[in-house]
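Colleague: So I've got this file, target09.cif, and it contains mmCIF, C-alpha atoms:
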data_my_file
#
loop_
_atom_site.label_atom_id
_atom_site.label_comp_id
_atom_site.auth_asym_id
_atom_site.auth_seq_id
_atom_site.Cartn_x
_atom_site.Cartn_y
_atom_site.Cartn_z
CA MET Z 1 -0.44 16.66 -1.98
CA CYS Z 2 -3.12 14.05 -2.57
CA ILE Z 3 -4.53 12.00 0.28
CA ARG Z 4 -6.95 9.15 -0.15
CA ASP Z 5 -9.98 9.08 2.09
CA SER Z 6 -9.85 5.34 2.61
CA PRO Z 7 -6.50 3.59 2.24
CA ARG Z 8 -6.49 0.18 0.62
CA ALA Z 9 -5.22 -2.93 2.31
CA SER Z 10 -1.45 -3.34 2.19
CA ILE Z 11 1.14 -5.91 3.14
CA ALA Z 12 2.85 -3.17 5.17
CA GLN Z 13 1.00 -3.94 8.38
CA SER Z 14 3.11 -1.68 10.60
CA ILE Z 15 2.24 1.45 8.66
CA GLY Z 16 -0.96 0.48 6.89
CA SER Z 17 -3.30 2.10 9.36
CA ASP Z 18 -6.54 3.75 8.34
CA ALA Z 19 -6.45 5.67 11.65
CA PRO Z 20 -2.92 7.08 12.16
CA ILE Z 21 -2.08 8.77 15.45
CA GLY Z 22 -3.47 12.31 15.52
CA GLY Z 23 -5.31 11.71 12.27
CA GLY Z 24 -1.99 11.91 10.44
CA ARG Z 25 -1.60 15.64 11.12
CA ARG Z 26 1.95 15.26 12.50
CA ILE Z 27 3.00 13.36 9.41
CA LEU Z 28 1.49 15.94 7.07
CA ARG Z 29 3.02 18.80 9.08
CA ALA Z 30 6.47 17.16 8.87
CA LEU Z 31 6.08 16.78 5.11
CA ALA Z 32 5.08 20.43 4.73
CA ASP Z 33 7.75 21.77 7.10
CA SER Z 34 10.52 19.81 5.40
CA ARG Z 35 9.17 20.44 1.91
CA GLY Z 36 9.23 16.68 1.58
CA GLN Z 37 7.21 14.42 -0.63
CA ALA Z 38 5.01 11.41 -0.12
CA VAL Z 39 4.63 8.77 -2.79
CA ALA Z 40 2.38 5.75 -3.11
CA ILE Z 41 4.24 2.45 -3.15
CA THR Z 42 2.71 -0.78 -4.38
CA ASP Z 43 2.94 -4.06 -2.55
CA SER Z 44 4.94 -5.51 -5.43
CA ALA Z 45 7.48 -2.66 -5.15
CA MET Z 46 7.83 -3.43 -1.43
CA LEU Z 47 8.40 -7.11 -2.19
CA GLU Z 48 11.05 -6.20 -4.77
CA ALA Z 49 12.78 -3.94 -2.22
CA MET Z 50 12.67 -6.74 0.39
CA ALA Z 51 14.38 -9.05 -2.11
CA LEU Z 52 16.99 -6.41 -2.99
CA LEU Z 53 17.77 -5.80 0.67
CA GLY Z 54 17.79 -9.54 1.35
CA ARG Z 55 20.51 -10.07 -1.25
CA ASP Z 56 22.64 -7.72 0.84
CA GLY Z 57 21.84 -9.63 4.04
CA LEU Z 58 19.20 -7.25 5.39
CA PHE Z 59 16.09 -9.06 6.61
CA VAL Z 60 13.30 -6.47 6.84
CA GLU Z 61 9.52 -6.35 6.91
CA PRO Z 62 7.56 -4.59 4.12
CA SER Z 63 7.12 -1.34 6.07
CA SER Z 64 10.90 -1.04 6.30
CA ALA Z 65 11.46 -2.00 2.67
CA ILE Z 66 9.05 0.73 1.64
CA THR Z 67 11.75 3.36 2.23
CA VAL Z 68 14.00 1.73 -0.36
CA ALA Z 69 11.10 1.29 -2.78
CA ALA Z 70 10.23 4.98 -2.39
CA ALA Z 71 13.83 6.08 -2.93
CA LYS Z 72 14.01 3.93 -6.07
CA LEU Z 73 10.75 5.42 -7.40
CA LEU Z 74 11.91 8.98 -6.66
CA ALA Z 75 15.24 8.30 -8.37
CA THR Z 76 13.43 6.89 -11.41
CA LYS Z 77 11.33 10.06 -11.59
CA GLY Z 78 14.47 12.23 -11.36
CA ILE Z 79 13.45 13.71 -8.00
CA ILE Z 80 16.50 12.10 -6.40
CA ALA Z 81 19.54 12.87 -8.53
CA PRO Z 82 22.32 10.30 -9.08
CA ASP Z 83 24.74 12.38 -7.00
CA ASN Z 84 22.33 12.85 -4.06
CA GLN Z 85 23.02 11.09 -0.79
CA VAL Z 86 19.97 9.26 0.53
CA VAL Z 87 19.41 7.53 3.86
CA CYS Z 88 16.71 4.86 4.11
CA ILE Z 89 15.74 3.91 7.64
CA LEU Z 90 15.19 0.16 8.09
CA THR Z 91 13.68 -0.54 11.49
CA GLY Z 92 11.44 -3.60 11.24
CA SER Z 93 12.71 -7.18 11.16
CA GLY Z 94 11.38 -9.62 8.61
CA LEU Z 95 10.45 -11.83 11.54
CA LYS Z 96 7.44 -9.56 12.12
CA GLN Z 97 5.75 -10.90 8.98
CA PRO Z 98 7.06 -14.39 8.16
CA ASP Z 99 4.14 -15.04 5.79
CA ILE Z 100 5.33 -12.19 3.56
CA VAL Z 101 8.95 -13.34 3.80
CA ASP Z 102 7.80 -16.73 2.46
CA GLN Z 103 6.56 -14.91 -0.67
CA VAL Z 104 9.91 -13.22 -1.27
CA PHE Z 105 12.25 -16.00 -0.13
CA PRO Z 106 10.29 -19.27 -0.32
CA GLN Z 107 13.29 -21.37 0.77
CA ALA Z 108 14.60 -18.99 3.44
CA LEU Z 109 12.50 -19.96 6.42
CA LYS Z 110 12.58 -23.56 7.49
CA ARG Z 111 9.96 -24.36 10.05
CA ILE Z 112 10.91 -26.92 12.65
CA HIS Z 113 9.53 -28.11 15.94
CA ALA Z 114 11.20 -26.78 19.09
CA ARG Z 115 13.37 -29.87 19.49
CA ILE Z 116 17.17 -29.95 19.54
CA GLU Z 117 17.26 -32.96 17.19
CA GLU Z 118 15.62 -30.83 14.48
CA LEU Z 119 17.82 -27.79 15.14
CA GLU Z 120 21.24 -29.51 15.17
CA PRO Z 121 21.22 -30.54 11.47
CA LEU Z 122 20.31 -26.99 10.44
CA LEU Z 123 23.14 -25.55 12.54
CA ALA Z 124 25.58 -28.06 11.07
CA THR Z 125 24.54 -27.07 7.53
CA THR Z 126 24.93 -23.37 8.36
CA ARG Z 127 28.43 -23.93 9.81
CA ALA Z 128 29.46 -25.91 6.72
CA GLU Z 129 28.26 -23.13 4.40
CA GLY Z 130 29.90 -20.31 6.38
#
Transcribe the structure of this file into C-alpha cells.
Modeller:
Amino acid sequence: MCIRDSPRASIAQSIGSDAPIGGGRRILRALADSRGQAVAITDSAMLEAMALLGRDGLFVEPSSAITVAAAKLLATKGIIAPDNQVVCILTGSGLKQPDIVDQVFPQALKRIHARIEELEPLLATTRAEG
C-alpha cells in the first residue's frame, strides 16, 4: 500500500481532504481487514465516469463517480474479473458541484432567474420531450 504524504488537489471535493477523520486510520484499517485495495483515480477518469453514469440517467458528483472509475480501472487491470459482481455506491448528487457538471454536460444545466415566467417554458419543453 502506497500513501502520499500530501494529496494533490482534486475535483472530488467531498473526499479530497488532506486531513481525513482520524488521520485516515479507519480507512486504512478497513482496507487491511477486508484485504481490499485502494487505487488512484484521475480527475479525467472521474469526469468520464460522470458522463457514463449521466447517459444512464444518474446525476452524481465526482466523489460518487470515483467508485465507477475505480471499478473500471480494476477491471482493466484484471483485478475484477468479467464474471465478478460489483456494487458501486453512488451517494452524492451532481447538484453539489454544478461547476464540474458544466464541464461534463455543458448543455445540461440551464441557469434561470427565480421567476415563473422563466421556468414555465423549460417545463413545457420537458413535457414535450417526455
Colleague: Check which residues satisfy the PyMOL selection byres ((chain Z and resi 12) around 8) in the file shown, then give them as a count of residues only.
Modeller: 10
Colleague: One decimal, Å: what's the distance from atom CA of Z:Ala9 over to atom CA of Z:Gly92, could you say?
Modeller: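 Here the two named atoms are 18.9 Å from each other.
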Colleague: Go through Z:Leu119, Z:Leu90, Z:Ala81, Z:Ala114 one by one, measure the shortest atom-to-atom distance of each to Z:Val60 using all atoms listed in the file, and give the residue with the smallest value.
Modeller: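 Comparing Z:Leu119, Z:Leu90, Z:Ala81, Z:Ala114 against Z:Val60, the winner is Z:Leu90.
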Colleague: Skipping near chain neighbours, those fewer than 6 positions away, what residues fall within 7 Å of Z:Ala69 using only C-alpha atoms, listed as a ChimeraX atom specification?
Modeller: /Z:41,45-46,49
Colleague: With the PyMOL selection byres ((chain Z and resi 103) around 12) as the selection, what would be picked from this file? Answer as a PDB file with C-alpha atoms, keeping the file's coordinate frame, please.
Modeller:
ATOM      1  CA  ILE Z  11       1.140  -5.910   3.140  1.00  0.00           C
ATOM      2  CA  ASP Z  43       2.940  -4.060  -2.550  1.00  0.00           C
ATOM      3  CA  SER Z  44       4.940  -5.510  -5.430  1.00  0.00           C
ATOM      4  CA  MET Z  46       7.830  -3.430  -1.430  1.00  0.00           C
ATOM      5  CA  LEU Z  47       8.400  -7.110  -2.190  1.00  0.00           C
ATOM      6  CA  GLU Z  48      11.050  -6.200  -4.770  1.00  0.00           C
ATOM      7  CA  MET Z  50      12.670  -6.740   0.390  1.00  0.00           C
ATOM      8  CA  ALA Z  51      14.380  -9.050  -2.110  1.00  0.00           C
ATOM      9  CA  GLU Z  61       9.520  -6.350   6.910  1.00  0.00           C
ATOM     10  CA  PRO Z  62       7.560  -4.590   4.120  1.00  0.00           C
ATOM     11  CA  GLY Z  94      11.380  -9.620   8.610  1.00  0.00           C
ATOM     12  CA  GLN Z  97       5.750 -10.900   8.980  1.00  0.00           C
ATOM     13  CA  PRO Z  98       7.060 -14.390   8.160  1.00  0.00           C
ATOM     14  CA  ASP Z  99       4.140 -15.040   5.790  1.00  0.00           C
ATOM     15  CA  ILE Z 100       5.330 -12.190   3.560  1.00  0.00           C
ATOM     16  CA  VAL Z 101       8.950 -13.340   3.800  1.00  0.00           C
ATOM     17  CA  ASP Z 102       7.800 -16.730   2.460  1.00  0.00           C
ATOM     18  CA  VAL Z 104       9.910 -13.220  -1.270  1.00  0.00           C
ATOM     19  CA  PHE Z 105      12.250 -16.000  -0.130  1.00  0.00           C
ATOM     20  CA  PRO Z 106      10.290 -19.270  -0.320  1.00  0.00           C
ATOM     21  CA  GLN Z 107      13.290 -21.370   0.770  1.00  0.00           C
ATOM     22  CA  ALA Z 108      14.600 -18.990   3.440  1.00  0.00           C
ATOM     23  CA  LEU Z 109      12.500 -19.960   6.420  1.00  0.00           C
TER      24      LEU Z 109
END
Colleague: The PyMOL selection byres ((chain Z and resi 87) around 10) - which residues does that actually catch in the file I just gave you? List them as a count of residues only.
Modeller: 9
Colleague: Using all atoms listed in the file, which residue out of Z:Leu52, Z:Leu73, Z:Leu58, Z:Ile21 lies closest to Z:Ala38?
Modeller: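 Smallest separation from Z:Ala38 among the options: Z:Leu73.
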Colleague: Between atom CA of Z:Asp83 and atom CA of Z:Leu53, what is the distance, to one decimal in Å?
Modeller: 20.9 Å
Colleague: State, in Å with one decimal place, the distance from atom CA of Z:Gly36 to atom CA of Z:Ala19.
Modeller: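 Value for the atom CA of Z:Gly36-atom CA of Z:Ala19 distance: 21.6 Å.
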Colleague: Considering only C-alpha atoms, state which residue in the set Z:Ser64, Z:Lys72, Z:Ser93, Z:Asp18 is at the smallest distance from Z:Val39.
Modeller: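 Using only C-alpha atoms, the shortest distance to Z:Val39 belongs to Z:Lys72.
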